[in-house]
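The structure file input-v3.txt is reproduced below (compact mmCIF, C-alpha atoms).
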```txt
# COMPACT_ATOMS: atom_id res chain seq x y z
CA MET P 1376 -21.90 -21.29 -21.62
CA THR P 1377 -19.31 -23.86 -20.56
CA ILE P 1378 -16.11 -23.05 -18.70
CA LYS P 1379 -14.09 -23.90 -21.76
CA SER P 1380 -16.08 -21.65 -24.11
CA PHE P 1381 -15.99 -18.81 -21.61
CA GLY P 1382 -12.25 -19.28 -21.23
CA MET P 1383 -11.72 -19.26 -24.97
CA ARG P 1384 -13.64 -15.99 -25.24
CA VAL P 1385 -11.60 -14.41 -22.49
CA GLY P 1386 -8.46 -15.74 -24.12
CA SER P 1387 -9.52 -14.20 -27.41
CA VAL P 1388 -9.90 -10.83 -25.71
CA VAL P 1389 -6.44 -11.19 -24.18
CA CYS P 1390 -4.93 -12.14 -27.51
CA SER P 1391 -6.71 -9.25 -29.22
CA SER P 1392 -5.32 -6.86 -26.63
CA ALA P 1393 -1.88 -8.30 -27.16
CA ALA P 1394 -2.28 -7.88 -30.90
CA LEU P 1395 -3.22 -4.25 -30.38
CA SER P 1396 -0.15 -3.68 -28.22
CA PHE P 1397 2.03 -5.16 -30.96
CA SER P 1398 0.41 -2.77 -33.40
CA ILE P 1399 1.60 0.38 -31.66
CA GLY P 1400 4.68 1.83 -33.29
CA ILE P 1401 6.61 5.09 -32.96
CA VAL P 1402 7.43 6.90 -36.18
CA TYR P 1403 9.27 10.21 -36.25
CA ASN P 1404 8.23 10.78 -32.62
CA GLU P 1405 4.58 10.33 -33.58
CA VAL P 1406 2.51 7.41 -32.26
CA VAL P 1407 0.65 5.53 -34.97
CA ILE P 1408 -1.69 2.58 -34.59
CA CYS P 1409 -1.45 -0.01 -37.30
CA ASN P 1410 -1.24 -3.74 -37.78
CA PRO P 1411 2.17 -5.37 -38.28
CA LEU P 1412 1.72 -5.53 -42.07
CA VAL P 1413 0.93 -1.81 -42.31
CA TYR P 1414 3.88 -1.10 -40.05
CA TYR P 1415 6.10 -3.09 -42.39
CA LEU P 1416 4.80 -1.44 -45.56
CA PHE P 1417 4.60 2.19 -44.45
CA VAL P 1418 7.09 2.50 -41.61
CA GLY P 1419 9.79 0.23 -42.88
CA GLY P 1420 11.66 -2.70 -41.45
CA SER P 1421 12.46 -6.25 -42.33
CA ARG P 1422 10.22 -9.25 -42.61
CA SER P 1423 11.76 -10.50 -39.39
CA LYS P 1424 9.77 -7.90 -37.43
CA PHE P 1425 6.50 -9.17 -38.82
CA GLY P 1426 7.64 -12.73 -38.34
CA MET P 1427 8.51 -12.09 -34.72
CA THR P 1428 5.12 -10.48 -34.09
CA PHE P 1429 3.31 -13.40 -35.68
CA PHE P 1430 5.48 -15.84 -33.73
CA CYS P 1431 4.64 -14.15 -30.41
CA MET P 1432 0.95 -14.06 -31.22
CA GLN P 1433 1.02 -17.72 -32.13
CA LYS P 1434 2.63 -18.52 -28.78
CA LEU P 1435 -0.04 -16.55 -26.91
CA VAL P 1436 -2.83 -18.36 -28.74
CA THR P 1437 -1.19 -21.73 -28.07
CA PHE P 1438 -0.71 -20.93 -24.39
CA ASN P 1439 -4.36 -19.90 -24.13
CA HIS P 1440 -5.39 -23.20 -25.72
CA VAL P 1441 -3.21 -25.30 -23.40
CA PHE P 1442 -4.20 -23.31 -20.31
CA TRP P 1443 -7.94 -23.71 -20.71
CA ASN P 1444 -7.70 -27.35 -21.73
CA SER P 1445 -5.49 -28.09 -18.72
CA ILE P 1446 -8.24 -26.94 -16.34
CA SER P 1447 -11.39 -27.85 -18.27
CA SER P 1448 -10.76 -30.88 -20.48
CA PHE P 1449 -9.82 -34.25 -19.04
CA THR P 1450 -9.61 -35.75 -22.53
CA TYR P 1451 -6.86 -33.26 -23.34
CA TYR P 1452 -4.50 -35.24 -21.13
CA HIS P 1453 -4.54 -38.07 -23.67
CA GLU P 1454 -2.61 -35.70 -25.89
CA VAL P 1455 -0.36 -34.48 -23.09
CA VAL P 1456 1.07 -37.94 -22.49
CA LYS P 1457 1.98 -38.15 -26.19
CA THR P 1458 4.01 -34.96 -26.21
CA ARG P 1459 7.58 -34.36 -25.21
CA PHE P 1460 8.38 -33.40 -21.63
CA SER P 1461 9.79 -30.07 -22.80
CA PHE P 1462 6.36 -29.04 -24.11
CA SER P 1463 4.78 -29.31 -20.66
CA PHE P 1464 7.74 -27.73 -18.91
CA LYS P 1465 7.57 -24.73 -21.26
CA TYR P 1466 3.88 -24.42 -20.45
CA PHE P 1467 4.57 -24.55 -16.71
CA PHE P 1468 7.32 -21.95 -17.06
CA MET P 1469 5.11 -19.62 -19.10
CA PHE P 1470 2.17 -20.10 -16.73
CA SER P 1471 4.39 -19.30 -13.73
CA LEU P 1472 5.84 -16.26 -15.48
CA ILE P 1473 2.45 -14.81 -16.44
CA LEU P 1474 0.85 -15.63 -13.09
CA GLY P 1475 3.76 -14.25 -11.08
CA THR P 1476 3.84 -11.05 -13.12
CA LEU P 1477 0.08 -10.50 -12.82
CA LEU P 1478 0.16 -11.13 -9.06
CA THR P 1479 3.10 -8.75 -8.72
CA ILE P 1480 1.16 -6.02 -10.51
CA VAL P 1481 -1.95 -6.55 -8.39
CA VAL P 1482 -0.09 -6.70 -5.07
CA SER P 1483 2.12 -3.75 -6.02
CA LEU P 1484 -0.93 -1.59 -6.63
CA THR P 1485 -1.93 -2.15 -3.00
CA PHE P 1486 1.32 -1.13 -1.32
CA VAL P 1487 3.35 1.04 -3.72
CA PRO P 1488 1.29 4.24 -3.16
CA ASP P 1489 1.57 3.86 0.62
CA VAL P 1490 5.31 3.18 0.46
CA ASN P 1491 5.87 6.21 -1.76
CA GLN P 1492 3.94 8.40 0.67
CA PHE P 1493 5.91 6.99 3.59
CA LEU P 1494 9.23 7.71 1.87
CA LYS P 1495 8.17 11.29 1.16
CA ARG P 1496 7.15 11.83 4.78
CA PHE P 1497 10.31 10.14 6.03
CA ALA P 1498 12.55 12.37 3.92
CA LEU P 1499 10.80 15.50 5.22
CA ARG P 1500 10.12 14.61 8.86
CA ALA P 1501 12.72 12.05 9.95
CA PRO P 1502 15.45 14.63 10.73
CA ALA P 1503 13.14 16.36 13.24
CA LEU P 1504 12.49 13.16 15.19
CA TYR P 1505 15.88 13.30 16.90
CA PRO P 1506 16.21 16.03 19.58
CA ASN P 1507 18.74 18.75 18.76
CA ASP P 1508 20.53 18.66 22.12
CA LEU P 1509 20.51 14.90 22.74
CA VAL P 1510 23.88 13.14 22.93
CA ILE P 1511 24.03 9.38 23.54
CA THR P 1512 27.40 7.98 24.55
CA VAL P 1513 28.49 4.34 24.66
CA LYS P 1514 31.76 3.69 26.44
CA ASP P 1515 33.21 0.63 28.17
CA GLY P 1516 29.96 -1.30 27.84
CA LYS P 1517 27.83 1.41 29.44
CA LEU P 1518 25.37 3.90 27.94
CA ALA P 1519 24.83 7.47 29.10
CA THR P 1520 22.82 10.49 27.95
CA ASN P 1521 22.99 14.23 28.65
CA VAL P 1522 19.24 14.73 29.24
CA THR P 1523 16.67 13.97 31.91
CA GLU P 1524 15.53 10.35 31.91
CA PRO P 1525 13.50 8.34 31.19
CA LEU P 1526 13.74 9.53 27.60
CA HIS P 1527 10.81 8.45 25.41
CA PHE P 1528 10.61 8.28 21.62
CA PRO P 1529 6.94 7.81 20.67
CA VAL P 1530 5.93 5.77 17.64
CA PRO P 1531 6.33 8.31 14.79
CA LEU P 1532 2.74 8.33 13.57
CA GLU P 1533 3.49 11.41 11.48
CA LEU P 1534 5.45 9.16 9.13
CA PHE P 1535 2.37 7.06 8.42
CA SER P 1536 -0.27 9.75 8.11
CA ASP P 1537 -0.50 13.41 7.20
CA THR P 1538 -3.00 13.90 10.02
CA PRO P 1539 -1.93 11.66 12.92
CA GLY P 1540 -4.34 11.47 15.82
CA VAL P 1541 -3.61 12.68 19.31
CA ILE P 1542 -2.87 9.92 21.84
CA SER P 1543 -3.11 10.48 25.58
CA ASP P 1544 -0.15 9.73 27.84
CA GLN P 1545 -2.01 6.76 29.34
CA ASN P 1546 -2.40 5.10 25.93
CA GLN P 1547 0.92 6.18 24.46
CA GLU P 1548 3.14 3.50 22.99
CA TYR P 1549 6.83 4.19 22.56
CA LEU P 1550 9.24 3.05 19.91
CA LEU P 1551 12.24 3.54 22.19
CA THR P 1552 12.77 4.33 25.85
CA ILE P 1553 16.14 5.09 27.44
CA ASP P 1554 16.41 4.88 31.22
CA THR P 1555 19.90 4.22 32.55
CA ASN P 1556 18.55 3.88 36.10
CA ALA P 1557 16.04 1.16 35.22
CA GLN P 1558 16.34 -2.62 35.42
CA ILE P 1559 15.48 -5.29 32.89
CA ASN P 1560 12.29 -6.17 34.77
CA ASP P 1561 10.97 -2.65 34.12
CA TYR P 1562 10.56 -3.52 30.44
CA SER P 1563 7.03 -4.89 30.82
CA ASN P 1564 5.80 -1.58 32.28
CA SER P 1565 7.64 0.67 29.85
CA HIS P 1566 5.04 0.47 27.03
CA SER P 1567 8.03 0.55 24.71
CA LEU P 1568 9.13 -1.64 21.84
CA ILE P 1569 12.83 -1.14 22.62
CA PHE P 1570 13.97 -0.51 26.19
CA VAL P 1571 17.54 0.62 26.90
CA THR P 1572 19.16 0.61 30.33
CA ARG P 1573 22.71 1.49 31.28
CA GLU P 1574 24.06 -1.93 30.30
CA GLN P 1575 21.33 -3.73 28.34
CA VAL P 1576 19.07 -3.38 25.31
CA VAL P 1577 15.74 -5.18 25.71
CA VAL P 1578 13.58 -6.10 22.70
CA PRO P 1579 10.45 -8.26 22.38
CA ASP P 1580 10.86 -11.92 21.59
CA SER P 1581 9.58 -13.36 18.33
CA ASP P 1582 6.62 -14.96 20.12
CA GLY P 1583 5.45 -11.54 21.34
CA VAL P 1584 5.32 -12.74 24.94
CA GLY P 1585 8.85 -12.76 26.31
CA PHE P 1586 11.84 -10.55 25.57
CA ARG P 1587 15.47 -10.79 24.60
CA VAL P 1588 18.39 -8.94 26.17
CA TYR P 1589 21.52 -7.72 24.40
CA PRO P 1590 24.42 -6.29 26.44
CA ILE P 1591 25.62 -2.78 25.62
CA SER P 1592 29.13 -4.23 25.67
CA SER P 1593 28.34 -5.95 22.36
CA PHE P 1594 28.20 -2.52 20.70
CA ASP P 1595 31.24 -0.45 19.75
CA ASP P 1596 32.07 2.66 21.73
CA GLY P 1597 30.80 5.83 20.12
CA THR P 1598 28.61 8.91 20.26
CA ILE P 1599 25.25 9.60 18.65
CA ASP P 1600 24.14 13.20 18.27
CA LYS P 1601 22.05 15.32 15.91
CA ASN P 1602 24.95 15.78 13.52
CA ALA P 1603 25.60 12.03 13.26
CA VAL P 1604 21.93 11.30 12.61
CA THR P 1605 21.74 14.00 9.93
CA LYS P 1606 24.81 12.62 8.17
CA LEU P 1607 23.31 9.12 8.22
CA LEU P 1608 20.04 10.34 6.70
CA ASP P 1609 21.93 12.28 4.04
CA THR P 1610 23.90 9.14 3.19
CA ILE P 1611 20.86 6.93 2.65
CA SER P 1612 18.60 9.53 1.01
CA PRO P 1613 19.96 8.94 -2.55
CA TRP P 1614 18.75 5.35 -2.25
CA TYR P 1615 15.11 6.25 -1.61
CA PRO P 1616 14.10 6.12 -5.32
CA PHE P 1617 15.40 2.54 -5.55
CA ILE P 1618 13.43 1.18 -2.59
CA VAL P 1619 10.11 0.67 -4.37
CA PRO P 1620 11.64 -0.92 -7.52
CA ALA P 1621 13.68 -3.22 -5.28
CA MET P 1622 10.57 -4.24 -3.34
CA ILE P 1623 8.68 -4.92 -6.58
CA PHE P 1624 11.55 -7.01 -7.95
CA ILE P 1625 11.81 -9.03 -4.72
CA LEU P 1626 8.05 -9.58 -4.82
CA TRP P 1627 8.18 -10.65 -8.48
CA PHE P 1628 11.14 -12.97 -7.83
CA THR P 1629 9.31 -14.54 -4.89
CA LEU P 1630 5.99 -15.02 -6.69
CA THR P 1631 7.52 -16.15 -9.97
CA ILE P 1632 10.78 -17.97 -9.28
CA LEU P 1633 10.71 -19.12 -5.66
CA LEU P 1634 7.08 -20.26 -5.71
CA SER P 1635 7.70 -22.11 -8.98
CA ILE P 1636 10.60 -23.97 -7.40
CA ILE P 1637 8.41 -24.83 -4.40
CA ARG P 1638 5.66 -26.09 -6.72
CA LEU P 1639 8.14 -28.28 -8.59
CA ILE P 1640 9.48 -29.74 -5.35
CA SER P 1641 5.93 -30.42 -4.12
CA LEU P 1642 5.03 -31.93 -7.48
CA SER P 1643 7.96 -34.33 -7.29
CA VAL P 1644 6.59 -35.67 -4.00
CA LEU P 1645 2.95 -35.74 -5.13
CA THR P 1646 3.96 -37.62 -8.27
CA LEU P 1647 5.38 -40.39 -6.10
CA ILE P 1648 2.00 -40.61 -4.36
CA LEU P 1649 0.20 -40.76 -7.72
CA ARG P 1650 2.23 -43.77 -8.77
CA VAL P 1651 0.28 -45.86 -6.25
CA PRO P 1652 -3.22 -45.32 -7.73
CA ALA P 1653 -1.74 -45.44 -11.24
CA TYR P 1654 -0.34 -48.90 -10.45
CA PHE P 1655 -3.65 -50.24 -9.13
CA MET P 1656 -5.51 -48.69 -12.07
CA HIS P 1657 -3.14 -50.55 -14.42
CA ILE P 1658 -1.99 -47.35 -16.09
CA SER P 1659 1.51 -47.89 -17.41
CA LEU P 1660 2.93 -44.40 -17.08
CA THR P 1661 6.46 -43.69 -15.95
CA TYR P 1662 7.30 -41.27 -13.16
CA ARG P 1663 8.42 -38.77 -15.80
CA LYS P 1664 5.05 -38.92 -17.59
CA LEU P 1665 3.11 -38.60 -14.35
CA PHE P 1666 5.25 -35.60 -13.47
CA GLN P 1667 4.52 -34.15 -16.92
CA ILE P 1668 0.79 -34.56 -16.35
CA GLY P 1669 1.22 -32.81 -13.02
CA LEU P 1670 2.80 -29.79 -14.71
CA HIS P 1671 -0.59 -29.21 -16.34
CA ALA P 1672 -2.77 -30.46 -13.49
CA LEU P 1673 -1.18 -27.95 -11.09
CA THR P 1674 -2.94 -25.15 -12.96
CA LEU P 1675 -6.39 -25.61 -11.43
CA PRO P 1676 -5.31 -26.03 -7.76
CA THR P 1677 -3.03 -23.01 -8.10
CA ILE P 1678 -5.86 -20.82 -9.38
CA ILE P 1679 -8.21 -22.11 -6.67
CA GLN P 1680 -5.62 -21.32 -4.02
CA ILE P 1681 -5.15 -17.78 -5.33
CA LEU P 1682 -8.90 -17.13 -5.47
CA MET P 1683 -9.44 -18.46 -1.95
CA THR P 1684 -6.57 -16.36 -0.63
CA SER P 1685 -7.98 -13.29 -2.38
CA PHE P 1686 -11.31 -13.78 -0.62
CA GLU P 1687 -9.57 -14.71 2.66
CA LEU P 1688 -10.99 -18.22 2.63
CA TYR P 1689 -8.71 -20.57 4.50
CA PRO P 1690 -10.17 -24.09 4.83
CA PRO P 1691 -9.21 -25.82 8.09
CA ILE P 1692 -7.79 -28.77 6.17
CA PRO P 1693 -4.05 -29.48 6.18
CA PHE P 1694 -2.48 -29.66 2.71
CA PHE P 1695 -5.73 -28.55 1.11
CA ASN P 1696 -4.05 -27.53 -2.14
CA SER P 1697 -2.26 -30.88 -2.40
CA ILE P 1698 -5.53 -32.74 -1.79
CA VAL P 1699 -7.23 -30.80 -4.58
CA PHE P 1700 -4.35 -31.64 -6.90
CA LEU P 1701 -4.47 -35.34 -6.04
CA LEU P 1702 -8.24 -35.55 -6.54
CA TYR P 1703 -8.00 -33.72 -9.85
CA SER P 1704 -5.16 -36.00 -10.93
CA LEU P 1705 -7.19 -39.10 -10.02
CA VAL P 1706 -9.95 -37.95 -12.35
CA ILE P 1707 -7.33 -37.45 -15.06
CA LEU P 1708 -5.97 -40.95 -14.50
CA SER P 1709 -9.49 -42.35 -14.75
CA GLU P 1710 -9.88 -40.58 -18.07
CA LEU P 1711 -6.55 -41.93 -19.32
CA LYS P 1712 -7.92 -45.47 -18.95
CA ARG P 1713 -10.42 -44.68 -21.64
CA LYS P 1714 -9.81 -44.62 -25.39
CA PRO P 1715 -7.36 -41.83 -26.30
CA ALA P 1716 -8.56 -38.82 -28.23
CA THR P 1717 -7.27 -38.25 -31.74
CA SER P 1718 -7.15 -34.45 -31.96
CA PRO P 1719 -3.64 -33.10 -32.59
CA ILE P 1720 -1.88 -31.07 -29.93
CA GLN P 1721 -0.32 -27.71 -30.65
CA LYS P 1722 3.34 -27.03 -30.11
CA LEU P 1723 4.33 -24.57 -27.42
```

As structure tokens, what does this structure read like?
Amino acid sequence: MTIKSFGMRVGSVVCSSAALSFSIGIVYNEVVICNPLVYYLFVGGSRSKFGMTFFCMQKLVTFNHVFWNSISSFTYYHEVVKTRFSFSFKYFFMFSLILGTLLTIVVSLTFVPDVNQFLKRFALRAPALYPNDLVITVKDGKLATNVTEPLHFPVPLELFSDTPGVISDQNQEYLLTIDTNAQINDYSNSHSLIFVTREQVVVPDSDGVGFRVYPISSFDDGTIDKNAVTKLLDTISPWYPFIVPAMIFILWFTLTILLSIIRLISLSVLTLILRVPAYFMHISLTYRKLFQIGLHALTLPTIIQILMTSFELYPPIPFFNSIVFLLYSLVILSELKRKPATSPIQKL
């Protein structure tokens, strides 16, 4: 079985599934399964509903055809160069939309359950993390507490697991340490992520080796106690249900919109490079047409990159994805020197 035939079979399954989803209607609060024609005859509605369903199905079939030919048929590119630029751009947009949505679903399935569990634990256990009698005061650029120091806040493992392990004092890592009698140089021995002295706040540098120092004087005067922390948690708690949807939307926007823009910018540069071999191969294609070919040719390198990332395969070759695209495009250009095919292309 060839790649193309296998792809067409998979595409048929996808289209059949889509057809089934279009066939699900709700009638008098009862779910019925029927095809669009039965829905129209027995449930009611205008011909526009059936027309819209048929239109969507036609688009899915066309996209499936263009997708598999873009990655498996070099002769198909004879037809691509004959079409309008908008055809290829619509394909690229639809490919990016479907790919970004599928990746968002897959990635979300890996982190959403953990985030939901974390939010539940945080809502229940976060208020108890702050000592009841602790009062932290910042005044005139100096910090003071009302308890014995150094004051350690361990990493709250109970927020990440229902059964956190027991860690000995020798191996304990702290999220925050307050010691108003300490100096900045004591940070390296504090085993703490954030180290607070009387006049400085010390945090690790971005390289993980050094550290950065922020003066207490850069903070406003104020007091932090149990009541203030409780009020803060009560203020942000109504926003907990929106955190996961916001994360999913940001992920979708990144994988669908931002990555598409990056691909288009990269393609604009790679198209300039392709003009050189096209010139020496005596292929009279404009920059716009080469860019249009690239909108289809990007499909295969993108899929290869996703598969390699999924299996954690990172070749030690700079610009590996761009190299794959250029090699694939060179084969396409070689094919374009041959006699064009005569099969008609479908509209997208």

Among listed residues P:Ser1445, P:Gly1669, P:Thr1450, P:Glu1524, nearest P:Glu1710 (using only C-alpha atoms):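 Among the listed residues, the smallest separation from P:Glu1710 belongs to P:Thr1450.
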
- request: Can you work out the spacing between atom CA of P:Trp1627 and atom CA of P:Thr1610 in Å, to one decimal?
  value: 27.8 Å

task: Might you pull out every residue within 6 Å of P:Thr1552, with all atoms listed in the file counted and same-chain residues fewer than 2 positions away left off, and present them as a PyMOL selection string?
output: chain P and resi 1526-1527+1570

- prompt: Which residue, P:Asp1537, P:Phe1700, P:Ala1621, P:Gly1585, has the smallest gap to P:Arg1638 when you use all atoms listed in the file?
  reply: P:Phe1700

message: Report, in Å to a single decimal, how far apart atom CA of P:Lys1601 and atom CA of P:Pro1613 are.
response: 19.6 Å

- prompt: Which of these residues is nearest to P:Ile1473, using all atoms listed in the file: P:Val1584, P:Leu1630, P:Val1651, P:Ile1668?
  reply: P:Leu1630

query: Taking into account only C-alpha atoms, which residue in the set P:Ser1697, P:Leu1660, P:Leu1633, P:Pro1590 is nearest to P:Thr1677?
result: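 Between P:Ser1697, P:Leu1660, P:Leu1633, P:Pro1590, the residue approaching P:Thr1677 most closely is P:Ser1697.
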
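Between atom CA of P:Gln1680 and atom CA of P:Phe1695 the interatomic distance comes to 8.9 Å.
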
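Near P:Ala1557, within 7 Å and counting all atoms listed in the file, sit Asp1554, Asp1561 and Thr1572 of chain P, not including residues fewer than 3 positions from it in the same chain.
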
Using C-alpha atoms, can you export the residues from the last selection as a PDB file, in the coordinates of the input?
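Contents of result.pdb, as written:
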```pdb
ATOM      1  CA  ASP P1554      16.410   4.880  31.220  1.00  0.00           C
ATOM      2  CA  ASP P1561      10.970  -2.650  34.120  1.00  0.00           C
ATOM      3  CA  THR P1572      19.160   0.610  30.330  1.00  0.00           C
TER       4      THR P1572
END
```

- request: May I ask which of the residues P:Ser1471, P:Thr1520, P:Ser1612, P:Thr1684 is the closest one to P:Arg1573, counting only C-alpha atoms?
  value: P:Thr1520

Enumerate, in order of chain and increasing residue number, the residues of stretch 1595-1645 of chain P with an atom no farther than 10 Å from stretch 1512-1516 of chain P, each with its shortest atom pair and distance in Å to one decimal, counting all atoms listed in the file, as JSON lines.
```
{"residue": "P:Asp1595", "atom": "CA", "partner": "P:Val1513", "partner_atom": "CA", "distance": 7.4}
{"residue": "P:Asp1596", "atom": "CA", "partner": "P:Lys1514", "partner_atom": "CA", "distance": 4.8}
{"residue": "P:Gly1597", "atom": "CA", "partner": "P:Val1513", "partner_atom": "CA", "distance": 5.3}
{"residue": "P:Thr1598", "atom": "CA", "partner": "P:Thr1512", "partner_atom": "CA", "distance": 4.6}
{"residue": "P:Ile1599", "atom": "CA", "partner": "P:Thr1512", "partner_atom": "CA", "distance": 6.5}
{"residue": "P:Asp1600", "atom": "CA", "partner": "P:Thr1512", "partner_atom": "CA", "distance": 8.8}
```
